[in-house]
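Participant: Below is the structure I would like to discuss, written out as structure tokens.
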Amino acid sequence: MPRTEINRDNLEERVVDIRRVTKVVRGGRHFTFSVIAVVGDRQGHVGAGIGKAGEVADAIRKAVEDAKKHIITVQLAEHTIPHETSARFCASNVLLRPASPGTGVIAGAAVRAVVEVAGVRDVLSKTIGSSSKVNTVAATIEALQTLQTPQQVAARRGIPVERLLRKATVS
């Protein structure tokens with residue numbers, strides 16, 4: 001996948017989840033923190049990452065750095081998505097549907113964080129299966145990657161956009 005060139009300094013960062021992980025060792029318990037973070041510019045670019053460290057601040061910094069390395073481009077139609085899409089990651093399944101202007105983001109916390117920093121203002125979503133935030137974020141990113149504009153679909157099929165849109169309204 002080609003790297004997306006954007007200004008990585010002006011990205012909005014959002015922490016989706018912080019988990020305290022305990023490992024029991026001979027001397028007692030050893031605590032570390034695992035953080036899921038998403039970054040985006042609210043203009044069609046979003047990335048997600050995971051960071052693990054002994055301190056929360058270090059884990060957040062690592063998660064944000066990881067998210068900046070994995071930024072994808074999302075195809076938007078005005079302030080929503082161009083078409084319905086779904087994706088599965090492990091046991092989490094995420095369904096995203098375009099919504100009319102003014103609807104807002106109807107989504108759970110993990111999906112909401114991803115689509116908001118991507119720049120989607122109106123969308124309906126449903127998470128099916130596992131509610132694991134790590135898997136839900138990954139499934140949402142995967143669903144956003146599958147989005148295509150009518151121009152992209154028409155070019156792939158080798159037909160004019162008008163013909164593609166005419167078929168959609170007739171069906």
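By convention in this document, the chains of the structure tokens carry letters A, B, ... by their order, each chain's residues are numbered from 1, and ligands are numbered from 1 in the order they are shown.
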Please give the complete set of residues from chain A that DSSP, run on the backbone, assigns to alpha helix (DSSP H), formatted as JSON, numbers by chain.

Facilitator: {"A": [56, 57, 58, 59, 60, 61, 62, 63, 64, 65, 66, 67, 68, 69, 109, 110, 111, 112, 113, 114, 115, 116, 117, 118, 133, 134, 135, 136, 137, 138, 139, 140, 141, 142, 143, 144, 145, 150, 151, 152, 153, 154, 155, 156, 157, 161, 162, 163, 164, 165, 166, 167, 168, 169, 170]}

Participant: Residues within 9 Å of region 126-135 of chain A, please, as a PyMOL selection string. Count only C-alpha atoms; anything in the same chain fewer than 5 positions from it doesn't count.

Facilitator: chain A and resi 16-17+36+50+88-97+106-111+140

Participant: Near Ile141 (chain A), within 8 Å and counting only C-alpha atoms, which residues show up once chain neighbours fewer than 6 positions away are dropped, as a list of chain:residue names?

Facilitator: A:Gly47, A:Ala48, A:Val114

Participant: Kindly export the residues of the current selection with N, CA and C atoms, as a short mmCIF file (atom, residue, chain, number, x, y, z; two decimals), in the first residue's frame.

Facilitator:
```
data_model
loop_
_atom_site.label_atom_id
_atom_site.label_comp_id
_atom_site.auth_asym_id
_atom_site.auth_seq_id
_atom_site.Cartn_x
_atom_site.Cartn_y
_atom_site.Cartn_z
N GLY A 47 -5.39 6.90 11.28
CA GLY A 47 -4.51 5.78 11.60
C GLY A 47 -4.75 5.34 13.03
N ALA A 48 -4.48 4.07 13.31
CA ALA A 48 -4.66 3.53 14.65
C ALA A 48 -3.39 2.82 15.07
N VAL A 114 -12.67 6.58 15.69
CA VAL A 114 -12.02 6.40 14.38
C VAL A 114 -12.69 7.27 13.33
#
```

Participant: Please return as number ranges by chain: the residues of region 51-129 of chain A that backbone DSSP assigns to strand (DSSP E or B).

Facilitator: A: 51-53, 71-73, 77, 80, 85-89, 92-98, 105-106, 123-129

Participant: Would you export the selected residues with C-alpha atoms as a compact mmCIF listing (two decimals), in the first residue's frame, please?

Facilitator:
```
# COMPACT_ATOMS: atom_id res chain seq x y z
CA GLY A 51 1.44 1.21 22.68
CA LYS A 52 2.60 -0.71 25.73
CA ALA A 53 4.76 0.63 28.56
CA ILE A 71 -2.29 6.26 8.34
CA ILE A 72 -4.77 5.43 5.58
CA THR A 73 -6.82 7.61 3.23
CA ALA A 77 -18.78 11.92 0.16
CA THR A 80 -20.50 11.01 5.22
CA THR A 85 -19.65 -1.14 4.04
CA SER A 86 -18.72 -3.74 6.62
CA ALA A 87 -15.56 -5.47 7.71
CA ARG A 88 -14.55 -8.23 10.05
CA PHE A 89 -11.42 -8.41 12.18
CA SER A 92 -15.51 -8.14 15.66
CA ASN A 93 -17.74 -7.16 12.76
CA VAL A 94 -18.42 -3.47 12.04
CA LEU A 95 -21.19 -2.19 9.75
CA LEU A 96 -21.04 1.43 8.53
CA ARG A 97 -23.90 3.15 6.68
CA PRO A 98 -24.05 6.64 5.19
CA VAL A 105 -22.15 9.95 14.37
CA ILE A 106 -24.30 7.12 15.71
CA VAL A 123 -22.74 7.92 9.79
CA LEU A 124 -24.70 5.03 11.27
CA SER A 125 -22.82 2.04 12.62
CA LYS A 126 -23.36 -1.26 14.32
CA THR A 127 -20.77 -3.45 16.01
CA ILE A 128 -21.60 -7.14 15.87
CA GLY A 129 -19.78 -9.94 17.67
```

Participant: So what do you get for CA of Asp58 (chain A) versus CA of Val120 (chain A), distance-wise?

Facilitator: 29.2 Å

Participant: Work out how far apart CA of Ala63 (chain A) and CA of Glu12 (chain A) are and give it in Å to one decimal.

Facilitator: 13.2 Å

Participant: Record the distance separating CA of Gln145 (chain A) and CA of Val46 (chain A), expressed in Å with one decimal.

Facilitator: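 Separation of CA of Gln145 (chain A) and CA of Val46 (chain A): 10.1 Å.
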
Participant: With distances taken over only C-alpha atoms, which of A:Arg26, A:Gln75, A:Val38, A:Gln152 is nearest to Arg112 (chain A)?

Facilitator: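 Closest to Arg112 (chain A) of all the choices is A:Val38.
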
Participant: Nearest to Val137 (chain A): which of A:Leu164, A:His30, A:Arg19, A:Ala113 is it, counting only C-alpha atoms?

Facilitator: A:Ala113
